[in-house]
>>> print(open('input.txt').read())   # compact mmCIF, C-alpha atoms
# COMPACT_ATOMS: atom_id res chain seq x y z
CA MET A 292 4.41 -16.69 -8.16
CA GLN A 293 5.58 -13.12 -8.14
CA THR A 294 7.74 -11.68 -5.42
CA GLU A 295 6.00 -9.86 -2.60
CA PRO A 296 7.58 -7.16 -0.44
CA ARG A 297 10.23 -9.22 1.20
CA THR A 298 11.28 -12.62 0.05
CA ARG A 299 13.34 -13.07 3.19
CA PRO A 300 11.98 -12.88 6.76
CA ARG A 301 8.64 -11.16 6.87
CA ILE A 302 7.48 -7.70 6.50
CA ARG A 303 4.68 -9.62 8.12
CA PHE A 304 4.52 -10.47 4.49
CA SER A 305 6.97 -13.19 3.60
CA VAL A 306 5.92 -16.51 2.11
CA ALA A 307 6.83 -18.33 5.31
CA VAL A 308 4.52 -16.18 7.38
CA VAL A 309 1.58 -15.51 5.13
CA SER A 310 1.20 -18.99 3.71
CA GLY A 311 -0.46 -19.65 7.04
CA ALA A 312 -2.56 -16.52 6.58
CA LEU A 313 -4.04 -17.99 3.41
CA PHE A 314 -5.47 -20.90 5.34
CA VAL A 315 -6.23 -19.24 8.67
CA LEU A 316 -9.71 -17.87 8.20
CA LEU A 317 -10.67 -14.74 10.00
CA MET A 318 -13.84 -13.29 11.55
CA LEU A 319 -15.41 -9.86 11.03
CA SER A 320 -16.40 -7.45 13.76
CA MET A 321 -17.88 -4.40 12.12
CA MET A 322 -19.44 -1.10 12.95
CA SER A 323 -21.67 0.80 10.58
CA GLY A 324 -23.67 3.96 11.10
CA ALA A 325 -26.63 5.26 9.21
CA ALA A 326 -27.75 8.82 9.48
CA GLY A 327 -28.68 11.42 6.96
CA VAL A 328 -31.39 13.64 5.54
CA ARG A 329 -32.95 12.95 2.15
CA MET A 330 -32.73 15.93 -0.19
CA SER A 331 -34.19 16.59 -3.62
CA SER A 332 -31.88 16.47 -6.63
CA GLY A 333 -31.19 19.23 -9.09
CA THR A 334 -29.37 19.73 -12.37
CA GLY A 335 -27.30 22.65 -13.55
CA SER A 336 -24.37 23.35 -15.83
CA ALA A 337 -20.89 24.79 -15.48
CA ALA A 338 -18.35 25.48 -18.24
CA GLY A 339 -20.45 23.47 -20.66
CA THR A 340 -20.41 20.31 -18.49
CA ALA A 341 -23.52 18.88 -16.86
CA VAL A 342 -23.45 19.22 -13.08
CA HIS A 343 -25.77 17.01 -11.05
CA GLN A 344 -26.59 17.44 -7.38
CA ALA A 345 -26.71 13.93 -5.98
CA PRO A 346 -29.43 13.27 -3.40
CA ALA A 347 -28.32 12.91 0.20
CA SER A 348 -29.43 9.60 1.59
CA THR A 349 -28.55 6.83 4.00
CA SER A 350 -28.12 4.68 0.88
CA LEU A 351 -25.74 5.00 -2.06
CA THR A 352 -28.37 3.59 -4.42
CA PRO A 353 -29.58 7.03 -5.65
CA LEU A 354 -25.96 8.03 -6.28
CA GLN A 355 -25.34 4.85 -8.24
CA HIS A 356 -28.41 5.62 -10.34
CA ALA A 357 -27.12 9.16 -10.91
CA ILE A 358 -23.75 7.80 -12.08
CA ASN A 359 -25.33 5.21 -14.35
CA SER A 360 -27.57 7.79 -16.02
CA ALA A 361 -25.02 10.61 -16.27
CA VAL A 362 -23.73 11.95 -19.56
CA PRO A 363 -20.03 11.01 -19.98
CA GLY A 364 -17.89 13.87 -18.70
CA SER A 365 -20.49 15.05 -16.18
CA THR A 366 -19.73 16.37 -12.71
CA ILE A 367 -21.81 14.97 -9.85
CA ARG A 368 -21.77 16.92 -6.61
CA LEU A 369 -22.32 15.09 -3.33
CA PRO A 370 -23.84 17.21 -0.53
CA PRO A 371 -22.84 16.89 3.12
CA GLY A 372 -24.14 13.71 4.66
CA LEU A 373 -23.50 10.02 5.15
CA PHE A 374 -23.77 7.69 2.14
CA VAL A 375 -23.80 3.95 2.90
CA GLY A 376 -23.21 1.22 0.32
CA GLN A 377 -20.95 0.50 -2.67
CA ILE A 378 -20.31 2.45 -5.86
CA VAL A 379 -19.22 0.99 -9.19
CA ILE A 380 -18.13 3.64 -11.71
CA ALA A 381 -18.06 2.61 -15.39
CA ILE A 382 -18.44 6.04 -17.01
CA ASN A 383 -16.18 9.09 -17.36
CA VAL A 384 -17.35 11.24 -14.48
CA THR A 385 -16.22 13.63 -11.74
CA LEU A 386 -17.48 13.11 -8.17
CA LEU A 387 -17.06 16.19 -5.98
CA GLY A 388 -18.00 16.04 -2.32
CA ALA A 389 -18.65 18.95 0.01
CA GLY A 390 -15.29 18.42 1.73
CA VAL A 391 -13.38 16.03 3.93
CA GLY A 392 -15.50 15.14 6.96
CA LYS A 393 -18.62 16.63 5.37
CA THR A 394 -19.43 14.13 2.64
CA ILE A 395 -18.82 10.65 4.09
CA VAL A 396 -19.01 7.42 2.10
CA GLU A 397 -19.13 4.19 4.09
CA PRO A 398 -19.71 0.52 3.18
CA ALA A 399 -22.82 -1.42 4.04
CA ALA A 400 -22.68 -4.21 6.61
CA THR A 401 -22.48 -6.79 3.81
CA MET A 402 -20.44 -6.06 0.69
CA ASN A 403 -20.81 -7.72 -2.71
CA PRO A 404 -17.49 -8.98 -4.15
CA ASP A 405 -16.79 -8.30 -7.81
CA SER A 406 -15.67 -10.99 -10.28
CA LEU A 407 -12.17 -10.93 -8.79
CA GLY A 408 -13.30 -11.11 -5.17
CA ASN A 409 -12.64 -7.41 -4.49
CA VAL A 410 -14.86 -5.58 -2.02
CA PHE A 411 -13.91 -1.94 -2.59
CA VAL A 412 -16.29 0.78 -1.41
CA ILE A 413 -15.67 2.58 -4.73
CA GLU A 414 -14.52 0.62 -7.79
CA VAL A 415 -13.58 2.12 -11.16
CA GLU A 416 -13.81 -0.22 -14.15
CA GLN A 417 -14.36 -0.64 -17.92
CA GLY A 418 -11.56 1.66 -19.08
CA VAL A 419 -13.01 4.97 -17.89
CA THR A 420 -11.42 8.09 -16.38
CA VAL A 421 -12.75 9.26 -13.01
CA GLN A 422 -12.00 12.33 -10.87
CA LEU A 423 -12.69 12.00 -7.14
CA SER A 424 -12.35 14.80 -4.58
CA GLY A 425 -13.74 16.42 -1.45
CA MET A 426 -14.92 13.55 0.76
CA THR A 427 -14.10 11.04 3.46
CA VAL A 428 -14.25 7.32 2.70
CA ARG A 429 -14.60 5.17 5.81
CA VAL A 430 -13.70 1.51 5.34
CA THR A 431 -14.99 -1.13 7.73
CA GLU A 432 -13.57 -4.63 8.01
CA GLN A 433 -14.86 -6.98 5.35
CA CYS A 434 -14.35 -10.59 4.28
CA MET A 435 -11.93 -10.33 1.35
CA LEU A 436 -10.43 -12.91 -0.96
CA ALA A 437 -6.89 -13.76 0.13
CA ASN A 438 -4.51 -14.17 -2.80
CA SER A 439 -1.63 -16.62 -3.00
CA ILE A 440 0.48 -14.80 -0.41
CA GLY A 441 -2.39 -14.04 1.93
CA VAL A 442 -2.98 -10.43 0.89
CA ALA A 443 -6.59 -9.28 0.88
CA THR A 444 -8.06 -7.64 -2.22
CA GLY A 445 -10.40 -4.82 -1.35
CA GLY A 446 -10.72 -1.68 0.73
CA GLY A 447 -11.46 1.95 -0.10
CA VAL A 448 -11.01 2.73 -3.81
CA GLY A 449 -9.96 0.23 -6.49
CA VAL A 450 -9.14 0.75 -10.19
CA ARG A 451 -9.15 -1.98 -12.86
CA ASP A 452 -9.78 -2.63 -16.58
CA ASN A 453 -7.11 -0.11 -17.66
CA SER A 454 -9.15 2.69 -16.05
CA THR A 455 -7.67 5.94 -14.73
CA LEU A 456 -8.37 7.56 -11.36
CA ASN A 457 -7.33 11.06 -10.31
CA ILE A 458 -8.01 11.47 -6.60
CA TRP A 459 -7.19 14.47 -4.40
CA ASP A 460 -8.33 16.15 -1.20
CA VAL A 461 -9.81 12.92 0.14
CA SER A 462 -9.47 11.21 3.52
CA ILE A 463 -9.66 7.41 3.59
CA VAL A 464 -9.71 5.82 7.03
CA ALA A 465 -10.18 2.38 8.52
CA TYR A 466 -13.24 2.51 10.73
CA GLY A 467 -14.23 -0.11 13.27
CA PRO A 468 -12.85 -2.66 15.74
CA SER A 469 -9.82 -4.87 15.21
CA PRO A 470 -10.24 -8.19 13.38
CA ASN A 471 -11.16 -11.36 15.25
CA LEU A 472 -8.47 -13.82 14.19
CA ASP A 473 -10.28 -16.96 15.41
CA GLN A 474 -13.26 -17.31 13.07
CA PRO A 475 -13.58 -18.20 9.36
CA CYS A 476 -15.04 -16.22 6.50
CA THR A 477 -15.83 -17.06 2.88
CA THR A 478 -16.00 -14.60 0.01
CA GLY A 479 -18.80 -14.35 -2.50
CA LEU A 480 -16.68 -16.53 -4.80
CA ASP A 481 -16.91 -19.33 -2.23
CA SER A 482 -13.18 -18.94 -1.68
CA PRO A 483 -11.50 -18.73 1.72
CA GLY A 484 -11.00 -15.15 2.77
CA MET A 485 -9.63 -12.97 5.49
CA TYR A 486 -11.24 -10.16 7.42
CA SER A 487 -9.28 -7.02 6.74
CA PHE A 488 -9.49 -3.29 6.13
CA GLY A 489 -7.48 -3.97 2.97
CA ARG A 490 -6.06 -1.07 0.98
CA ALA A 491 -6.99 2.59 0.96
CA VAL A 492 -6.41 3.11 -2.79
CA SER A 493 -5.35 0.38 -5.21
CA ILE A 494 -4.40 1.53 -8.72
CA GLY A 495 -4.55 -1.88 -10.39
CA LEU A 496 -5.80 -5.02 -8.67
CA ASP A 497 -4.83 -8.65 -8.16
CA ASP A 498 -5.64 -11.66 -10.29
CA PRO A 499 -6.55 -14.07 -7.48
CA PRO A 500 -6.18 -17.86 -7.48
CA GLY A 501 -9.08 -19.73 -8.99
CA VAL A 502 -10.27 -16.77 -11.06
CA GLY A 503 -7.84 -16.93 -13.97
CA ALA A 504 -6.17 -14.25 -16.06
CA ALA A 505 -9.16 -13.35 -18.23
CA PHE A 506 -9.67 -10.00 -16.48
CA GLN A 507 -7.66 -6.86 -17.14
CA VAL A 508 -6.47 -5.82 -13.73
CA GLU A 509 -4.19 -2.88 -14.60
CA GLY A 510 -5.01 0.68 -13.60
CA HIS A 511 -3.51 4.15 -13.87
CA GLY A 512 -3.83 7.41 -12.00
CA THR A 513 -2.66 10.15 -9.69
CA ILE A 514 -3.01 10.31 -5.92
CA HIS A 515 -2.23 13.61 -4.22
CA HIS A 516 -3.21 15.40 -1.02
CA VAL A 517 -4.87 12.25 0.26
CA HIS A 518 -4.81 11.25 3.92
CA THR A 519 -4.99 7.54 4.75
CA GLN A 520 -4.97 5.90 8.17
CA GLY A 521 -5.31 2.45 9.68
CA PHE A 522 -5.06 0.08 6.70
CA ASP A 523 -3.63 -3.36 7.39
CA ILE A 524 -2.49 -4.28 3.86
CA PHE A 525 -1.12 -1.48 1.64
CA SER A 526 -2.34 2.05 2.18
CA LEU A 527 -1.58 3.07 -1.43
CA SER A 528 -0.70 0.45 -4.04
CA VAL A 529 0.10 0.37 -7.74
CA GLY A 530 -0.47 -2.90 -9.58
CA GLY A 531 -1.41 -6.26 -8.18
CA VAL A 532 0.70 -8.79 -6.34
CA ARG A 533 -0.39 -11.33 -8.97
CA GLY A 534 -1.08 -10.93 -12.65
CA PRO A 535 0.43 -8.32 -15.01
CA THR A 536 2.11 -5.27 -13.50
CA GLY A 537 1.43 -2.75 -16.24
CA SER A 538 -0.19 -0.29 -13.86
CA THR A 539 1.24 3.22 -13.52
CA ALA A 540 0.73 6.02 -11.00
CA THR A 541 2.00 9.30 -9.62
CA ILE A 542 1.74 9.51 -5.82
CA THR A 543 2.64 12.89 -4.34
CA ASN A 544 2.08 15.05 -1.25
CA ASN A 545 0.06 12.51 0.74
CA LEU A 546 -0.05 11.75 4.47
CA VAL A 547 -0.01 7.99 5.04
CA ILE A 548 -0.38 6.63 8.58
CA VAL A 549 0.16 2.89 8.29
CA GLY A 550 -1.52 -0.05 9.99
CA PRO A 551 -1.37 -1.79 12.27
CA GLY A 552 -1.36 -5.03 10.30
CA PRO A 553 -2.79 -7.82 12.43
CA TYR A 554 -1.79 -10.69 10.16
CA THR A 555 -0.38 -9.46 6.88
CA ALA A 556 1.78 -6.58 5.67
CA ALA A 557 0.85 -3.07 6.72
CA TYR A 558 2.87 -1.06 4.19
CA GLY A 559 2.48 2.60 3.32
CA ILE A 560 3.08 2.75 -0.45
CA VAL A 561 3.75 -0.32 -2.60
CA ALA A 562 4.57 -0.15 -6.33
CA TYR A 563 4.36 -3.20 -8.57
CA GLY A 564 3.95 -0.88 -11.58
CA VAL A 565 6.08 2.04 -12.79
CA SER A 566 5.48 4.94 -10.42
CA THR A 567 6.58 8.33 -9.20
CA ILE A 568 6.46 8.51 -5.39
CA SER A 569 7.49 11.89 -4.04
CA HIS A 570 6.96 14.38 -1.19
CA ASN A 571 4.85 11.98 0.89
CA VAL A 572 4.91 11.61 4.68
CA VAL A 573 4.67 7.94 5.68
CA VAL A 574 4.38 7.17 9.40
CA GLY A 575 4.18 3.82 11.17
CA VAL A 576 2.32 2.83 14.32
CA PRO A 577 3.00 -0.27 16.49
CA GLY A 578 2.21 -3.31 14.37
CA SER A 579 2.91 -1.66 11.00
CA ASP A 580 5.63 -3.05 8.77
CA GLY A 581 7.21 -0.58 6.37
CA GLY A 582 7.12 2.69 4.53
CA ILE A 583 7.65 2.40 0.74
CA ALA A 584 8.25 -0.74 -1.35
CA VAL A 585 9.14 -1.10 -5.04
CA VAL A 586 8.81 -4.67 -6.31
CA LEU A 587 9.54 -6.13 -9.77
CA THR A 588 9.35 -2.70 -11.41
CA SER A 589 11.06 0.69 -11.46
CA ALA A 590 10.07 3.84 -9.60
CA LEU A 591 11.20 7.37 -8.83
CA VAL A 592 11.21 7.64 -5.02
CA THR A 593 12.23 11.14 -3.93
CA ASP A 594 11.80 13.68 -1.13
CA ASN A 595 9.67 11.47 1.11
CA VAL A 596 9.66 11.53 4.92
CA ILE A 597 9.43 8.06 6.49
CA ARG A 598 9.51 7.35 10.21
CA ASN A 599 8.52 5.04 13.07
CA PHE A 600 8.72 1.53 11.62
CA THR A 601 10.03 -0.88 14.24
CA CYS A 602 9.27 -4.57 14.54
CA THR A 603 7.03 -5.71 17.38
CA ASN A 604 5.76 -9.14 18.42
CA ALA A 605 2.24 -7.86 19.11
CA PRO A 606 -0.56 -8.79 18.77
CA PHE A 607 0.81 -12.36 18.48
CA PRO A 608 4.25 -13.98 18.17
CA ILE A 609 6.01 -13.38 14.85
CA THR A 610 8.02 -16.08 13.07
CA PRO A 611 10.82 -15.29 12.54
CA PRO A 612 11.12 -13.02 15.56
CA CYS A 613 12.26 -9.42 15.47
CA GLY A 614 16.02 -9.17 15.57
CA ILE A 615 19.30 -7.92 14.14
CA ASP A 616 20.25 -10.92 11.96
CA PRO A 617 19.90 -9.64 8.36
CA LEU A 618 19.15 -13.09 6.90
CA TYR A 619 17.05 -14.82 9.53
CA ASP A 620 15.39 -12.20 11.74
CA ASP A 621 12.62 -9.74 10.96
CA GLN A 622 13.07 -6.01 10.60
CA ASP A 623 10.66 -3.26 9.57
CA LEU A 624 11.86 -1.04 6.77
CA GLY A 625 11.89 2.54 5.57
CA ILE A 626 12.33 1.84 1.83
CA PHE A 627 12.39 -1.66 0.32
CA LEU A 628 13.59 -2.42 -3.23
CA ALA A 629 12.99 -6.04 -4.31
CA SER A 630 14.09 -7.45 -7.68
CA ILE A 631 13.73 -4.02 -9.25
CA THR A 632 14.12 -3.22 -12.95
CA PRO A 633 16.46 -0.57 -14.45
CA GLY A 634 15.62 3.07 -13.85
CA THR A 635 14.81 3.16 -10.13
CA VAL A 636 16.00 6.30 -8.33
CA VAL A 637 15.91 6.77 -4.54
CA GLU A 638 16.95 10.31 -3.70
CA HIS A 639 16.59 12.98 -0.99
CA ASN A 640 14.44 10.85 1.33
CA ALA A 641 14.53 11.40 5.10
CA ILE A 642 14.18 8.19 7.13
CA ASP A 643 14.10 8.20 10.92
CA SER A 644 13.51 5.63 13.67
CA VAL A 645 13.11 2.43 11.64
CA ASP A 646 14.74 -0.98 12.04
CA ALA A 647 16.53 -0.73 8.67
CA GLY A 648 16.49 2.41 6.54
CA ILE A 649 16.91 1.17 2.95
CA LEU A 650 16.91 -2.51 1.97
CA VAL A 651 17.94 -3.63 -1.52
CA GLU A 652 17.21 -7.29 -2.19
CA GLY A 653 18.18 -9.08 -5.39
CA PRO A 654 18.17 -10.36 -7.96
CA GLY A 655 17.53 -7.19 -9.90
CA ALA A 656 19.11 -4.13 -11.44
CA PRO A 657 21.03 -1.66 -9.26
CA ALA A 658 19.22 1.54 -8.37
CA THR A 659 20.52 5.09 -8.15
CA ILE A 660 20.54 5.70 -4.38
CA ILE A 661 21.87 9.15 -3.51
CA HIS A 662 21.50 12.00 -1.01
CA ASN A 663 19.25 10.17 1.46
CA THR A 664 19.38 10.76 5.22
CA ILE A 665 18.87 7.84 7.61
CA ARG A 666 18.94 8.44 11.36
CA ASN A 667 18.36 6.50 14.59
CA SER A 668 17.91 3.04 13.10
CA THR A 669 17.15 0.19 15.49
CA PHE A 670 19.65 -2.11 13.74
CA TYR A 671 21.26 -0.53 10.64
CA GLY A 672 20.74 2.24 8.15
CA ILE A 673 21.50 0.33 4.93
CA ASP A 674 20.65 -3.32 4.27
CA LEU A 675 21.72 -5.38 1.25
CA ILE A 676 20.68 -8.99 0.50
CA ASP A 677 21.96 -10.93 -2.55
CA ALA A 678 22.62 -7.74 -4.50
CA ASN A 679 25.37 -5.33 -5.54
CA GLN A 680 24.56 -1.69 -4.92
CA THR A 681 26.32 1.66 -4.61
CA PHE A 682 25.12 4.20 -2.02
CA GLU A 683 26.38 7.68 -2.81
CA HIS A 684 26.36 10.92 -0.79
CA ASP A 685 23.97 9.41 1.76
CA THR A 686 23.99 10.26 5.47
CA VAL A 687 23.68 7.39 7.95
CA ILE A 688 23.84 8.39 11.61
CA GLY A 689 23.15 6.27 14.70
CA GLY A 690 22.18 2.68 15.42
CA PRO A 691 24.33 -0.38 16.15
CA TYR A 692 25.60 -0.66 12.54
CA GLY A 693 25.73 1.61 9.53
CA VAL A 694 25.24 -1.18 7.01
CA ALA A 695 24.31 -4.88 6.98
CA VAL A 696 25.19 -7.11 4.02
CA GLY A 697 23.81 -10.61 3.66
CA ALA A 698 24.80 -13.18 1.04
CA ALA A 699 22.21 -15.93 1.22
CA SER A 700 22.30 -17.25 -2.36
CA SER A 701 24.79 -15.03 -4.22
CA ASN A 702 27.71 -12.70 -3.57
CA SER A 703 26.62 -9.34 -2.19
CA THR A 704 28.62 -6.08 -2.09
CA ALA A 705 27.68 -2.65 -0.76
CA VAL A 706 29.79 0.23 -2.10
CA LEU A 707 29.67 3.33 0.11
CA LEU A 708 30.81 6.33 -1.94
CA ASP A 709 31.31 9.77 -0.35
CA ASN A 710 28.79 9.10 2.43
CA THR A 711 28.53 10.70 5.87
CA LEU A 712 28.67 7.86 8.41
CA GLY A 713 28.85 7.96 12.19
CA GLY A 714 27.46 7.41 15.65
CA PHE A 715 27.31 3.61 15.45
CA THR A 716 27.39 1.83 18.82
CA VAL A 717 28.89 -1.47 17.54
CA GLY A 718 30.61 -0.90 14.20
CA LEU A 719 30.26 0.17 10.62
CA ALA A 720 29.25 -3.14 9.05
CA LEU A 721 27.47 -6.37 9.93
CA LEU A 722 28.35 -9.09 7.38
CA GLU A 723 26.73 -12.51 7.04
CA ALA A 724 27.09 -15.12 4.30
CA ASN A 725 26.08 -18.68 3.52
CA TYR A 726 28.93 -20.73 2.05
CA PRO A 727 30.27 -20.31 -0.62
CA TRP A 728 28.85 -16.80 -1.02
CA VAL A 729 30.68 -13.67 0.15
CA ALA A 730 29.27 -10.52 1.81
CA ASN A 731 31.42 -7.42 1.44
CA VAL A 732 31.49 -3.66 2.08
CA VAL A 733 33.69 -1.21 0.16
CA VAL A 734 34.09 2.31 1.55
CA ARG A 735 35.42 5.00 -0.79
>>> encode(input="input.txt", output="structure tokens")
Amino acid sequence: MQTEPRTRPRIRFSVAVVSGALFVLLMLSMMSGAAGVRMSSGTGSAAGTAVHQAPASTSLTPLQHAINSAVPGSTIRLPPGLFVGQIVIAINVTLLGAGVGKTIVEPAATMNPDSLGNVFVIEVEQGVTVQLSGMTVRVTEQCMLANSIGVATGGGVGVRDNSTLNIWDVSIVAYGPSPNLDQPCTTGLDSPGMYSFGRAVSIGLDDPPGVGAAFQVEGHGTIHHVHTQGFDIFSLSVGGVRGPTGSTATITNNLVIVGPGPYTAAYGIVAYGVSTISHNVVVGVPGSDGGIAVVLTSALVTDNVIRNFTCTNAPFPITPPCGIDPLYDDQDLGIFLASITPGTVVEHNAIDSVDAGILVEGPGAPATIIHNTIRNSTFYGIDLIDANQTFEHDTVIGGPYGVAVGAASSNSTAVLLDNTLGGFTVGLALLEANYPWVANVVVR
């Protein structure tokens, strides 16, 4: 099994916590509206490319027909209105809405899972390239397949089959009541599922248990000037938790408001495939779990603003509980690097009001971590578990400790080189080790 964001105590996401989530079956409470005016369709041309005016309707069926019958490379314009249903895109096409809040796409009350158990409102497949802009996608809770670590596969927009998605000027929001945690659900694959809002955009999907590895789950794309809010898994993700991680993406200039996550990990941006993640604003709400995670891959993480990620015990008790112990308590994170590969750079990020600013957890290659600013941490600014890492020209101000180093299964050393450190209420370093391992801090 591949590593998920946090192999130690949960990001409401560790194996210990979410193994229960895989077997606790959840119940859907859902809202769906239907309103709109049917309009006639028309066809025109612009710059040599066919432009189709999609009919406005309370159903997405006419739009699906328009996509299926379009000439590859066409542009399809969506008028203002509410479109209800699912879209599968398997042709090179551009979908242009009338603007955020004007063209609204929303799922039907009952969604049809694909061959992998995904229930995305818009799914891109069969190796195509799709442009998507100028609309709001509202995602209601759905019964989704839960993979081996209890993470639901579905949500707003999903990309698979080595397809490419370029999405901009789009709002994707969770829409409806909170999940009912007491009732079961079963996906269309007759597999146990979980009710969830899932992910806003997933570039690359999961290869769930029981389905096999016969499907190509990788995806590629760019996400910029997208606003997401309310998703209880990952708001923006690259690559699947399971299966190959050959997905790639560039994620820039987005506003990501995370969670809350009622039972699993509410993370802002998660990369399992090589990514550039820059100039995003990632904000937590009570019940969210973390800002940006890079897992089993490399990424360029620069110039992001991350704030307001603090552990809470609501809406139900968390095991392990929130606390300061770096090895055995839970903390919510600004940036999380887990078993990363060579080439990861974390630079010029501003992190404020989180439990732990930057966590590096091994085994894995060291990253270049330089010129980041971490302020007002609940517990510590820098966190290191079973890894050796240099932090250079970073600023860490406030909180009980500047750095925590844990050695659970190997020696762990944090090297602090030319950093600005101060304002700690207890001391510079919190060290914890399991015998015979050694936790250490070197200040230069």
>>> residues_around(input="input.txt", residues="His516 of chain A", least_positions_apart="5", cutoff="9 Å", atoms="all atoms listed in the file", output="list in words")
Ile458, Trp459, Asp460, Val461, Ser462, Thr543, Asn544, Asn545, Leu546 and Asn571 of chain A
>>> closest_residue(input="input.txt", among="A:Leu436, A:Val442, A:Leu708, A:Val448", to="Val379 of chain A", atoms="all atoms listed in the file")
A:Val448
>>> residues_around(input="input.txt", residues="Cys613 of chain A", least_positions_apart="3", cutoff="7 Å", atoms="all atoms listed in the file", output="list of chain:residue names")
A:Cys602, A:Thr603, A:Asp620, A:Asp621, A:Gln622
>>> atom_distance(input="input.txt", atom1="atom CA of Gly390 of chain A", atom2="atom CA of His518 of chain A")
12.9 Å
>>> atom_distance(input="input.txt", atom1="atom CA of Tyr558 of chain A", atom2="atom CA of Thr420 of chain A")
26.7 Å
>>> residues_around(input="input.txt", residues="Pro398 of chain A", least_positions_apart="6", cutoff="7 Å", atoms="all atoms listed in the file", output="PyMOL selection string")
chain A and resi 375-377+412+430-431
>>> closest_residue(input="input.txt", among="A:Ala357, A:Val415, A:Val733, A:Ala590", to="Val694 of chain A", atoms="only C-alpha atoms")
A:Val733
>>> axis_aligned_box(input="input.txt", around="segment 716-719 of chain A", padding_each_side="5 Å", output="AutoDock Vina command-line options")
--center_x 29.0 --center_y 0.2 --center_z 14.7 --size_x 13.2 --size_y 13.3 --size_z 18.2
>>> residues_around(input="input.txt", residues="Val391 of chain A", least_positions_apart="6", cutoff="12 Å", atoms="only C-alpha atoms", output="ChimeraX atom specification")
/A:369-373,423-429,459-464,516-519
>>> atom_distance(input="input.txt", atom1="atom CA of Val586 of chain A", atom2="atom CA of Gly510 of chain A")
16.5 Å
>>> closest_residue(input="input.txt", among="A:Gly714, A:Ile358, A:Glu652, A:His684", to="Asn702 of chain A", atoms="only C-alpha atoms")
A:Glu652
>>> closest_residue(input="input.txt", among="A:Val574, A:Val419, A:Ala399, A:Val561", to="Val592 of chain A", atoms="all atoms listed in the file")
A:Val561
>>> decode(input="input.txt", residues="segment 455-495 of chain A", atoms="C-alpha atoms", output="CSV table (one decimal), in the first residue's frame")
chain,number,residue,atom,x,y,z
A,455,THR,CA,-5.3,16.6,-20.0
A,456,LEU,CA,-7.5,19.2,-18.3
A,457,ASN,CA,-6.9,23.0,-18.4
A,458,ILE,CA,-9.3,24.6,-16.0
A,459,TRP,CA,-9.5,28.3,-15.1
A,460,ASP,CA,-12.0,30.9,-13.8
A,461,VAL,CA,-14.2,28.2,-12.2
A,462,SER,CA,-15.8,27.9,-8.8
A,463,ILE,CA,-16.3,24.5,-7.3
A,464,VAL,CA,-18.2,24.3,-4.1
A,465,ALA,CA,-19.6,21.6,-1.8
A,466,TYR,CA,-23.4,22.1,-1.7
A,467,GLY,CA,-25.7,20.5,0.8
A,468,PRO,CA,-26.0,19.3,4.4
A,469,SER,CA,-23.3,17.5,6.4
A,470,PRO,CA,-22.9,13.7,6.1
A,471,ASN,CA,-24.9,11.4,8.3
A,472,LEU,CA,-22.3,9.1,9.8
A,473,ASP,CA,-24.7,6.4,11.0
A,474,GLN,CA,-26.0,4.8,7.9
A,475,PRO,CA,-24.5,2.6,5.2
A,476,CYS,CA,-24.1,3.1,1.5
A,477,THR,CA,-23.0,0.9,-1.4
A,478,THR,CA,-21.5,2.0,-4.6
A,479,GLY,CA,-22.6,0.9,-8.1
A,480,LEU,CA,-19.8,-1.6,-7.9
A,481,ASP,CA,-21.5,-3.3,-5.0
A,482,SER,CA,-18.5,-2.2,-2.9
A,483,PRO,CA,-18.8,-0.5,0.5
A,484,GLY,CA,-18.7,3.3,0.2
A,485,MET,CA,-18.7,6.5,2.1
A,486,TYR,CA,-20.9,9.5,1.7
A,487,SER,CA,-18.6,12.4,0.9
A,488,PHE,CA,-18.2,15.6,-1.1
A,489,GLY,CA,-14.9,14.1,-2.3
A,490,ARG,CA,-12.5,16.2,-4.3
A,491,ALA,CA,-13.0,19.4,-6.2
A,492,VAL,CA,-10.5,18.6,-9.0
A,493,SER,CA,-8.6,15.4,-9.3
A,494,ILE,CA,-5.9,15.2,-12.0
A,495,GLY,CA,-5.4,11.5,-12.0
